[in-house]
$ cat target.tsv   # TSV, C-alpha atoms and all ligand atoms
chain	number	residue	atom	x	y	z
A	1	MET	CA	-88.53	9.04	-81.44
A	2	THR	CA	-89.84	11.79	-83.63
A	3	ASN	CA	-92.01	13.92	-81.44
A	4	LYS	CA	-89.42	15.15	-78.97
A	5	ARG	CA	-90.06	18.26	-76.92
A	6	ILE	CA	-88.33	19.31	-73.77
A	7	ILE	CA	-90.38	19.98	-70.66
A	8	ARG	CA	-90.24	23.48	-69.26
A	9	LEU	CA	-91.04	23.29	-65.59
A	10	SER	CA	-91.38	27.06	-65.55
A	11	ASP	CA	-94.46	26.75	-67.77
A	12	LEU	CA	-96.29	24.57	-65.27
A	13	SER	CA	-98.60	25.79	-62.55
A	14	GLY	CA	-97.62	25.26	-58.90
A	15	ASP	CA	-99.93	22.30	-58.56
A	16	GLN	CA	-98.61	20.68	-61.74
A	17	LYS	CA	-95.05	21.29	-60.63
A	18	LYS	CA	-95.78	19.40	-57.44
A	19	LYS	CA	-97.30	16.51	-59.39
A	20	VAL	CA	-94.33	16.37	-61.73
A	21	ALA	CA	-91.91	16.50	-58.80
A	22	ASN	CA	-93.76	13.68	-57.03
A	23	LEU	CA	-93.86	11.52	-60.07
A	24	GLU	CA	-90.26	12.23	-60.90
A	25	ARG	CA	-89.27	11.05	-57.44
A	26	ARG	CA	-91.32	7.90	-57.94
A	27	LEU	CA	-89.94	7.18	-61.39
A	28	LEU	CA	-86.39	7.90	-60.32
A	29	LEU	CA	-86.71	5.55	-57.38
A	30	LYS	CA	-88.20	2.81	-59.49
A	31	SER	CA	-86.34	3.16	-62.73
A	32	GLY	CA	-83.84	6.01	-62.67
A	33	LEU	CA	-85.80	7.88	-65.34
A	34	SER	CA	-85.27	11.63	-65.24
A	35	ILE	CA	-87.97	14.13	-66.06
A	36	GLY	CA	-86.08	15.03	-69.25
A	37	ALA	CA	-86.15	11.41	-70.33
A	38	MET	CA	-89.80	11.25	-69.46
A	39	SER	CA	-90.68	14.17	-71.65
A	40	LEU	CA	-88.83	12.50	-74.49
A	41	LEU	CA	-90.79	9.33	-73.85
A	42	SER	CA	-94.18	10.85	-73.62
A	43	GLY	CA	-93.62	12.98	-76.71
A	44	CYS	CA	-95.92	15.58	-75.22
A	45	ASN	CA	-95.04	19.10	-74.25
A	46	LEU	CA	-96.51	18.57	-70.80
A	47	GLN	CA	-97.90	22.05	-70.64
A	48	ASP	CA	-101.57	21.57	-70.10
A	49	GLY	CA	-102.69	19.85	-66.94
A	50	ASP	CA	-104.54	16.94	-68.51
A	51	ALA	CA	-101.65	16.11	-70.79
A	52	VAL	CA	-99.29	16.16	-67.84
A	53	ASP	CA	-101.43	13.75	-65.84
A	54	GLU	CA	-102.17	11.52	-68.75
A	55	ALA	CA	-98.59	11.24	-69.99
A	56	LEU	CA	-96.94	10.95	-66.62
A	57	TRP	CA	-99.32	8.38	-65.18
A	58	ARG	CA	-99.27	6.37	-68.38
A	59	MET	CA	-95.48	6.20	-68.09
A	60	SER	CA	-95.72	5.27	-64.45
A	61	ARG	CA	-98.06	2.34	-65.14
A	62	TRP	CA	-95.87	1.27	-68.05
A	63	ASN	CA	-92.87	1.35	-65.76
A	64	ASP	CA	-94.53	-0.94	-63.23
A	65	LYS	CA	-95.13	-3.46	-66.00
A	66	VAL	CA	-91.58	-3.12	-67.31
A	67	GLN	CA	-90.15	-3.82	-63.88
A	68	SER	CA	-92.05	-7.09	-63.75
A	69	TRP	CA	-90.77	-8.06	-67.21
A	70	LEU	CA	-87.14	-7.32	-66.41
A	71	PHE	CA	-86.95	-8.71	-62.89
A	72	ASN	CA	-87.46	-12.09	-61.37
A	73	GLY	CA	-85.98	-14.00	-58.48
A	74	HIS	CA	-83.32	-15.65	-60.59
A	75	ARG	CA	-82.27	-12.42	-62.24
A	76	LEU	CA	-83.03	-13.97	-65.60
A	77	ALA	CA	-85.33	-12.21	-68.01
A	78	PRO	CA	-88.52	-14.23	-68.65
A	79	THR	CA	-88.51	-16.49	-71.71
A	80	TYR	CA	-91.48	-17.23	-73.94
A	81	SER	CA	-92.71	-19.83	-76.39
A	82	LYS	CA	-92.80	-19.61	-80.18
A	83	SER	CA	-96.52	-18.87	-80.13
A	84	ASP	CA	-95.82	-15.68	-78.14
A	85	ILE	CA	-93.61	-14.20	-80.89
A	86	THR	CA	-94.85	-10.76	-82.00
A	87	LYS	CA	-95.56	-10.44	-85.71
A	88	PRO	CA	-94.82	-8.12	-87.33
A	89	PHE	CA	-91.97	-7.19	-85.01
A	90	PRO	CA	-91.61	-3.42	-84.53
A	91	PHE	CA	-88.61	-1.58	-85.96
A	92	ASN	CA	-87.06	1.21	-83.95
A	93	ALA	CA	-84.05	3.47	-84.42
A	94	PHE	CA	-83.22	7.14	-84.06
A	95	TYR	CA	-84.06	7.55	-87.77
A	96	PRO	CA	-86.82	6.30	-90.11
A	97	GLU	CA	-86.76	2.92	-91.85
A	98	TYR	CA	-85.56	4.32	-95.17
A	99	ASN	CA	-82.24	5.22	-93.52
A	100	ILE	CA	-81.49	1.70	-92.27
A	101	PRO	CA	-77.83	0.90	-93.03
A	102	GLU	CA	-77.38	-1.87	-95.58
A	103	ILE	CA	-74.17	-3.67	-94.74
A	104	ASP	CA	-72.46	-6.06	-97.13
A	105	THR	CA	-71.98	-9.23	-95.07
A	106	ASP	CA	-69.03	-10.33	-97.27
A	107	THR	CA	-66.95	-7.26	-96.51
A	108	TYR	CA	-68.30	-6.73	-92.98
A	109	SER	CA	-65.91	-7.05	-90.05
A	110	LEU	CA	-66.15	-6.59	-86.30
A	111	THR	CA	-63.21	-5.03	-84.45
A	112	VAL	CA	-62.55	-5.78	-80.78
A	113	SER	CA	-60.19	-3.43	-78.97
A	114	GLY	CA	-59.38	-1.76	-75.65
A	115	GLU	CA	-58.63	-3.97	-72.65
A	116	VAL	CA	-57.96	-7.07	-74.76
A	117	SER	CA	-54.77	-9.14	-75.10
A	118	ALA	CA	-54.61	-8.09	-78.75
A	119	LYS	CA	-56.90	-6.14	-81.04
A	120	THR	CA	-58.83	-8.64	-83.16
A	121	VAL	CA	-60.95	-8.44	-86.29
A	122	TRP	CA	-63.75	-10.90	-86.90
A	123	LYS	CA	-65.62	-11.83	-90.04
A	124	LEU	CA	-69.26	-12.84	-89.87
A	125	ASP	CA	-68.36	-16.46	-90.67
A	126	ASP	CA	-65.99	-16.54	-87.66
A	127	LEU	CA	-68.93	-15.61	-85.44
A	128	ILE	CA	-71.43	-18.00	-86.98
A	129	ARG	CA	-68.97	-20.87	-86.49
A	130	PHE	CA	-69.48	-20.67	-82.73
A	131	ASN	CA	-72.21	-22.85	-81.27
A	132	GLN	CA	-75.35	-20.71	-81.72
A	133	ARG	CA	-77.80	-20.43	-78.85
A	134	SER	CA	-81.32	-19.05	-79.19
A	135	GLN	CA	-83.67	-17.30	-76.81
A	136	ILE	CA	-87.28	-16.16	-77.02
A	137	THR	CA	-87.43	-13.00	-74.96
A	138	ARG	CA	-89.16	-9.64	-74.78
A	139	LEU	CA	-87.56	-6.47	-76.14
A	140	ILE	CA	-88.86	-3.50	-74.18
A	141	CYS	CA	-88.57	-0.06	-75.73
A	142	ILE	CA	-88.73	2.82	-73.33
A	143	GLU	CA	-91.10	4.60	-75.73
A	144	GLY	CA	-93.88	2.40	-74.43
A	145	TRP	CA	-94.02	-0.79	-76.48
A	146	SER	CA	-92.59	-4.26	-76.14
A	147	ALA	CA	-92.40	-7.29	-78.41
A	148	VAL	CA	-91.35	-10.93	-78.17
A	149	GLY	CA	-88.86	-12.38	-80.64
A	150	GLU	CA	-86.39	-15.20	-81.07
A	151	TRP	CA	-82.74	-14.22	-81.36
A	152	ALA	CA	-79.82	-16.57	-82.01
A	153	GLY	CA	-76.12	-16.06	-81.55
A	154	ILE	CA	-73.14	-16.49	-79.29
A	155	PRO	CA	-73.24	-15.49	-75.62
A	156	LEU	CA	-71.21	-12.29	-75.29
A	157	ARG	CA	-69.36	-13.82	-72.34
A	158	GLU	CA	-68.00	-16.60	-74.54
A	159	PHE	CA	-67.10	-14.20	-77.29
A	160	LEU	CA	-65.24	-11.85	-74.92
A	161	VAL	CA	-63.18	-14.75	-73.60
A	162	HIS	CA	-62.33	-15.89	-77.16
A	163	ALA	CA	-61.39	-12.32	-78.03
A	164	GLY	CA	-58.93	-12.16	-75.13
A	165	ALA	CA	-60.87	-9.48	-73.23
A	166	ASP	CA	-59.91	-8.61	-69.68
A	167	ILE	CA	-63.27	-9.42	-68.09
A	168	LYS	CA	-62.18	-7.66	-64.93
A	169	SER	CA	-62.60	-4.40	-66.83
A	170	LYS	CA	-65.64	-2.33	-65.97
A	171	TYR	CA	-67.48	-1.72	-69.25
A	172	VAL	CA	-68.09	-2.95	-72.76
A	173	GLU	CA	-68.93	-0.40	-75.43
A	174	PHE	CA	-70.69	-1.12	-78.73
A	175	ARG	CA	-70.28	1.14	-81.74
A	176	CYS	CA	-72.56	0.81	-84.71
A	177	ALA	CA	-72.53	1.40	-88.44
A	178	ASP	CA	-75.18	4.14	-88.05
A	179	ASN	CA	-73.04	5.99	-85.45
A	180	TYR	CA	-75.23	4.74	-82.63
A	181	TYR	CA	-73.32	3.63	-79.54
A	182	CYS	CA	-74.11	2.24	-76.11
A	183	SER	CA	-72.46	0.35	-73.30
A	184	LEU	CA	-72.94	-2.27	-70.60
A	185	ASP	CA	-71.34	-2.81	-67.23
A	186	MET	CA	-69.20	-5.97	-67.29
A	187	ALA	CA	-71.60	-7.98	-65.09
A	188	SER	CA	-74.40	-7.38	-67.60
A	189	ALA	CA	-72.06	-8.13	-70.50
A	190	LEU	CA	-71.27	-11.50	-68.90
A	191	HIS	CA	-74.93	-12.31	-68.07
A	192	PRO	CA	-75.89	-15.70	-69.57
A	193	GLN	CA	-78.74	-14.19	-71.63
A	194	THR	CA	-76.59	-11.44	-73.19
A	195	VAL	CA	-76.00	-12.56	-76.75
A	196	LEU	CA	-74.25	-11.28	-79.88
A	197	ALA	CA	-77.04	-12.15	-82.26
A	198	THR	CA	-76.78	-12.97	-85.95
A	199	GLY	CA	-80.16	-14.69	-86.23
A	200	PHE	CA	-83.75	-13.55	-85.72
A	201	ASN	CA	-86.92	-15.67	-85.82
A	202	GLY	CA	-85.11	-18.61	-87.40
A	203	GLU	CA	-83.37	-16.63	-90.16
A	204	SER	CA	-80.34	-14.37	-90.55
A	205	LEU	CA	-80.87	-10.94	-89.04
A	206	SER	CA	-82.40	-8.61	-91.59
A	207	PRO	CA	-81.21	-4.99	-91.98
A	208	GLU	CA	-84.07	-3.42	-90.01
A	209	TYR	CA	-83.36	-5.61	-86.99
A	210	GLY	CA	-79.62	-4.93	-86.95
A	211	ALA	CA	-77.85	-7.03	-89.61
A	212	PRO	CA	-75.32	-8.40	-89.62
A	213	LEU	CA	-74.71	-8.34	-85.86
A	214	ARG	CA	-76.65	-6.93	-82.92
A	215	LEU	CA	-76.62	-7.17	-79.18
A	216	ARG	CA	-79.53	-8.90	-77.50
A	217	VAL	CA	-79.67	-8.16	-73.79
A	218	PRO	CA	-83.12	-9.02	-72.43
A	219	THR	CA	-82.29	-7.82	-68.90
A	220	LYS	CA	-81.96	-4.27	-70.24
A	221	LEU	CA	-84.21	-1.83	-72.06
A	222	GLY	CA	-84.31	-1.75	-75.86
A	223	PHE	CA	-81.84	1.06	-76.32
A	224	LYS	CA	-79.01	-1.11	-74.92
A	225	ASN	CA	-79.62	-3.62	-77.74
A	226	ALA	CA	-77.13	-2.16	-80.25
A	227	LYS	CA	-77.79	-3.03	-83.89
A	228	HIS	CA	-75.28	-3.09	-86.79
A	229	ILE	CA	-72.32	-3.45	-84.40
A	230	THR	CA	-68.92	-2.70	-85.96
A	231	ASP	CA	-66.77	-2.25	-82.85
A	232	ILE	CA	-66.65	-3.72	-79.38
A	233	ILE	CA	-64.41	-1.87	-76.94
A	234	VAL	CA	-63.54	-3.20	-73.50
A	235	THR	CA	-62.81	-0.28	-71.20
A	236	ASN	CA	-62.59	1.02	-67.64
A	237	LYS	CA	-64.02	4.42	-68.53
A	238	ASN	CA	-67.84	4.64	-68.73
A	239	PRO	CA	-68.55	5.12	-72.46
A	240	GLY	CA	-72.17	6.30	-72.02
A	241	GLY	CA	-74.45	5.92	-74.99
A	242	TYR	CA	-76.62	7.67	-77.56
A	243	TRP	CA	-79.74	7.84	-75.34
A	244	GLU	CA	-77.92	7.56	-72.03
A	245	ASP	CA	-76.11	10.81	-72.85
A	246	GLN	CA	-79.51	12.49	-73.34
A	247	GLY	CA	-80.82	11.67	-69.88
A	248	TYR	CA	-81.89	8.05	-69.91
A	249	ASN	CA	-80.73	6.02	-66.97
A	250	TRP	CA	-77.44	4.37	-67.89
A	251	PHE	CA	-78.11	1.12	-66.03
A	252	SER	CA	-81.61	0.60	-67.46
A	253	GLY	CA	-82.34	-2.88	-66.23
A	254	ILE	CA	-81.69	-5.33	-63.43
B	301	LIG	N1	-77.49	0.88	-84.19
B	301	LIG	C1	-78.63	1.13	-83.53
B	301	LIG	N2	-79.04	0.27	-82.59
B	301	LIG	C2	-80.18	0.49	-81.91
B	301	LIG	C3	-80.96	1.65	-82.14
B	301	LIG	C4	-80.49	2.56	-83.14
B	301	LIG	O1	-81.11	3.61	-83.41
B	301	LIG	N3	-79.33	2.26	-83.81
B	301	LIG	N4	-82.13	1.85	-81.43
B	301	LIG	C5	-82.28	1.11	-80.17
B	301	LIG	C6	-83.65	1.11	-79.64
B	301	LIG	S1	-84.16	2.53	-78.88
B	301	LIG	C7	-84.45	-0.01	-79.67
B	301	LIG	S2	-85.96	-0.05	-78.89
B	301	LIG	C8	-84.04	-1.23	-80.37
B	301	LIG	C9	-85.11	-1.61	-81.41
B	301	LIG	O2	-84.79	-2.83	-82.01
B	301	LIG	P1	-85.71	-3.39	-83.18
B	301	LIG	O3	-85.62	-2.45	-84.36
B	301	LIG	O4	-85.19	-4.76	-83.47
B	301	LIG	O5	-87.12	-3.42	-82.65
B	301	LIG	O6	-82.79	-1.08	-81.02
B	301	LIG	C10	-81.83	-0.35	-80.29
B	301	LIG	N5	-80.58	-0.43	-81.00
B	302	MO	MO	-86.08	1.95	-77.76
$ encode --input "target.tsv" --output "C-alpha cells" --more "lines below"
Ligand SMILES: Nc1nc2c(c(=O)[nH]1)N[C@H]1C(S)=C(S)[C@@H](COP(=O)(O)O)O[C@H]1N2
Ligand SMILES: [Mo]
Amino acid sequence: MTNKRIIRLSDLSGDQKKKVANLERRLLLKSGLSIGAMSLLSGCNLQDGDAVDEALWRMSRWNDKVQSWLFNGHRLAPTYSKSDITKPFPFNAFYPEYNIPEIDTDTYSLTVSGEVSAKTVWKLDDLIRFNQRSQITRLICIEGWSAVGEWAGIPLREFLVHAGADIKSKYVEFRCADNYYCSLDMASALHPQTVLATGFNGESLSPEYGAPLRLRVPTKLGFKNAKHITDIIVTNKNPGGYWEDQGYNWFSGI
C-alpha cells in the first residue's frame, strides 16, 4: 500500500465521470467498495482516460473472481490441498518488511476484555495447549493478489467461550502490536473457519506472517486477518478498523 493517491472526480471529463459512477455502482452492489477505496487499490491517480478504464475494469474483474473465492453454497470458504500452497507466500502490512514487529514469545500475552465474564490474560503456551486445527485456505488481499497457505490454531469460537465472552455481543475487535486494528461481526467471529492461528505451513508463525498470534478468517478479505494480536475486545459498539476507517467496506466477505 505505498502508491496511494486520492481520486479527484472534478479532474475527470464528463464521460469519465459517467464511467466511474457506473462502475462505482457496480462495485458497491457487488462488494461494497467505495470509489475512494478503489483509488487506493488501483494505486493510480485515475486522471487520464486509459488509466481510469484500465484500473477500474481490472478491479472489477478481480472482484468477480474474489466473490467466487469467498462464496459458496455452504458459506464455507474453499479449502485446498498442500500442493496448492503458494511459495513464497506474500507479506503485506501498512509498512515495509523492515518494520515488522519482533515480539518475544516468552513475555508475550494476549488480553481479552469487554463483554466477558472477567478480563483474562493468556500466554502463548495457554493457547497452544488447545487442540490445534489446521486449514488450507486462500488469503485474498484487496490490493489484487491472493495466496494459499496452511494455518493452524484454535477456532475463535472455542476460544471466546473459554474466555467467558458474551457471544450475544455484536462485535469482536482485534488490536495489534503494530497499532493495526480491525473487527468482525459476532457471526463471522463464530464461523467454524475463523481461527486464532499460531502456526503457518507446518511451523510456528514467523514475524512477517503475524507472530505470535494472528487471526485467520478465510471468509473475509485479507485486511480482516489481524497479525500480532495483543488484545481481543468483545463489544456492542462497532470498532471499525485501520482500512475500514479509510473507506473499505466493513463487512468485506460473506
Ligand atoms: N497487524 C497487522 N495485521 C495485518 C496487516 C497489518 O498491516 N498489520 N495487514 C493486513 C492485510 S491488508 C493483509 S492482506 C494481511 C497480509 O497477511 P500476510 O502478510 O500473511 O500475507 O494481513 C492483514 N493483517
Ligand atoms: Mo490486504
$ residues_near_point --input "target.tsv" --point "(-65.4, -13.1, -79.3)" --cutoff "10 Å" --atoms "only C-alpha atoms" --output "PDB file with C-alpha atoms, in the frame of the given file"
ATOM      1  CA  LEU A 110     -66.150  -6.590 -86.300  1.00  0.00           C
ATOM      2  CA  THR A 111     -63.210  -5.030 -84.450  1.00  0.00           C
ATOM      3  CA  VAL A 112     -62.550  -5.780 -80.780  1.00  0.00           C
ATOM      4  CA  THR A 120     -58.830  -8.640 -83.160  1.00  0.00           C
ATOM      5  CA  VAL A 121     -60.950  -8.440 -86.290  1.00  0.00           C
ATOM      6  CA  TRP A 122     -63.750 -10.900 -86.900  1.00  0.00           C
ATOM      7  CA  ASP A 126     -65.990 -16.540 -87.660  1.00  0.00           C
ATOM      8  CA  LEU A 127     -68.930 -15.610 -85.440  1.00  0.00           C
ATOM      9  CA  PHE A 130     -69.480 -20.670 -82.730  1.00  0.00           C
ATOM     10  CA  ILE A 154     -73.140 -16.490 -79.290  1.00  0.00           C
ATOM     11  CA  PRO A 155     -73.240 -15.490 -75.620  1.00  0.00           C
ATOM     12  CA  LEU A 156     -71.210 -12.290 -75.290  1.00  0.00           C
ATOM     13  CA  ARG A 157     -69.360 -13.820 -72.340  1.00  0.00           C
ATOM     14  CA  GLU A 158     -68.000 -16.600 -74.540  1.00  0.00           C
ATOM     15  CA  PHE A 159     -67.100 -14.200 -77.290  1.00  0.00           C
ATOM     16  CA  LEU A 160     -65.240 -11.850 -74.920  1.00  0.00           C
ATOM     17  CA  VAL A 161     -63.180 -14.750 -73.600  1.00  0.00           C
ATOM     18  CA  HIS A 162     -62.330 -15.890 -77.160  1.00  0.00           C
ATOM     19  CA  ALA A 163     -61.390 -12.320 -78.030  1.00  0.00           C
ATOM     20  CA  GLY A 164     -58.930 -12.160 -75.130  1.00  0.00           C
ATOM     21  CA  ALA A 165     -60.870  -9.480 -73.230  1.00  0.00           C
ATOM     22  CA  LEU A 196     -74.250 -11.280 -79.880  1.00  0.00           C
ATOM     23  CA  ILE A 232     -66.650  -3.720 -79.380  1.00  0.00           C
TER      24      ILE A 232
END
$ residues_around --input "target.tsv" --residues "Asn92 (chain A)" --least-positions-apart "2" --cutoff "12 Å" --atoms "all atoms listed in the file" --output "PDB file with C-alpha atoms, keeping the file's coordinate frame"
ATOM      1  CA  MET A   1     -88.530   9.040 -81.440  1.00  0.00           C
ATOM      2  CA  THR A   2     -89.840  11.790 -83.630  1.00  0.00           C
ATOM      3  CA  PHE A  89     -91.970  -7.190 -85.010  1.00  0.00           C
ATOM      4  CA  PRO A  90     -91.610  -3.420 -84.530  1.00  0.00           C
ATOM      5  CA  PHE A  94     -83.220   7.140 -84.060  1.00  0.00           C
ATOM      6  CA  TYR A  95     -84.060   7.550 -87.770  1.00  0.00           C
ATOM      7  CA  PRO A  96     -86.820   6.300 -90.110  1.00  0.00           C
ATOM      8  CA  GLU A  97     -86.760   2.920 -91.850  1.00  0.00           C
ATOM      9  CA  TYR A  98     -85.560   4.320 -95.170  1.00  0.00           C
ATOM     10  CA  ASN A  99     -82.240   5.220 -93.520  1.00  0.00           C
ATOM     11  CA  ILE A 100     -81.490   1.700 -92.270  1.00  0.00           C
ATOM     12  CA  LEU A 139     -87.560  -6.470 -76.140  1.00  0.00           C
ATOM     13  CA  ILE A 140     -88.860  -3.500 -74.180  1.00  0.00           C
ATOM     14  CA  CYS A 141     -88.570  -0.060 -75.730  1.00  0.00           C
ATOM     15  CA  ILE A 142     -88.730   2.820 -73.330  1.00  0.00           C
ATOM     16  CA  GLU A 143     -91.100   4.600 -75.730  1.00  0.00           C
ATOM     17  CA  GLY A 144     -93.880   2.400 -74.430  1.00  0.00           C
ATOM     18  CA  TRP A 145     -94.020  -0.790 -76.480  1.00  0.00           C
ATOM     19  CA  SER A 146     -92.590  -4.260 -76.140  1.00  0.00           C
ATOM     20  CA  ALA A 147     -92.400  -7.290 -78.410  1.00  0.00           C
ATOM     21  CA  PRO A 207     -81.210  -4.990 -91.980  1.00  0.00           C
ATOM     22  CA  GLU A 208     -84.070  -3.420 -90.010  1.00  0.00           C
ATOM     23  CA  TYR A 209     -83.360  -5.610 -86.990  1.00  0.00           C
ATOM     24  CA  GLY A 210     -79.620  -4.930 -86.950  1.00  0.00           C
ATOM     25  CA  GLY A 222     -84.310  -1.750 -75.860  1.00  0.00           C
ATOM     26  CA  PHE A 223     -81.840   1.060 -76.320  1.00  0.00           C
ATOM     27  CA  ASN A 225     -79.620  -3.620 -77.740  1.00  0.00           C
ATOM     28  CA  ALA A 226     -77.130  -2.160 -80.250  1.00  0.00           C
ATOM     29  CA  LYS A 227     -77.790  -3.030 -83.890  1.00  0.00           C
TER      30      LYS A 227
END
$ axis_aligned_box --input "target.tsv" --around "ligand LIG 301 (chain B)" --padding-each-side "6 Å" --output "JSON"
{"center_x": -82.3, "center_y": -0.6, "center_z": -81.6, "size_x": 21.6, "size_y": 20.4, "size_z": 17.5}
$ closest_residue --input "target.tsv" --among "A:His191, A:Asn236, A:Asn179, A:Thr198" --to "Thr219 (chain A)" --atoms "only C-alpha atoms"
A:His191
$ residues_near_point --input "target.tsv" --point "(-79.7, -12.2, -72.8)" --cutoff "8 Å" --atoms "all atoms listed in the file" --output "list of chain:residue names"
A:Ala77, A:Gln135, A:Pro155, A:His191, A:Pro192, A:Gln193, A:Thr194, A:Val195, A:Arg216, A:Val217, A:Pro218, A:Thr219
$ closest_residue --input "target.tsv" --among "A:Phe91, A:Glu203, A:Val172, A:Leu215" --to "ligand MO 302 (chain B)" --atoms "all atoms listed in the file"
A:Phe91
$ atom_distance --input "target.tsv" --atom1 "CA of Asp104 (chain A)" --atom2 "CA of Ile229 (chain A)"
13.0 Å
$ closest_residue --input "target.tsv" --among "A:Gly14, A:Pro78, A:Gly149, A:Gly199" --to "Arg133 (chain A)" --atoms "all atoms listed in the file"
A:Gly199
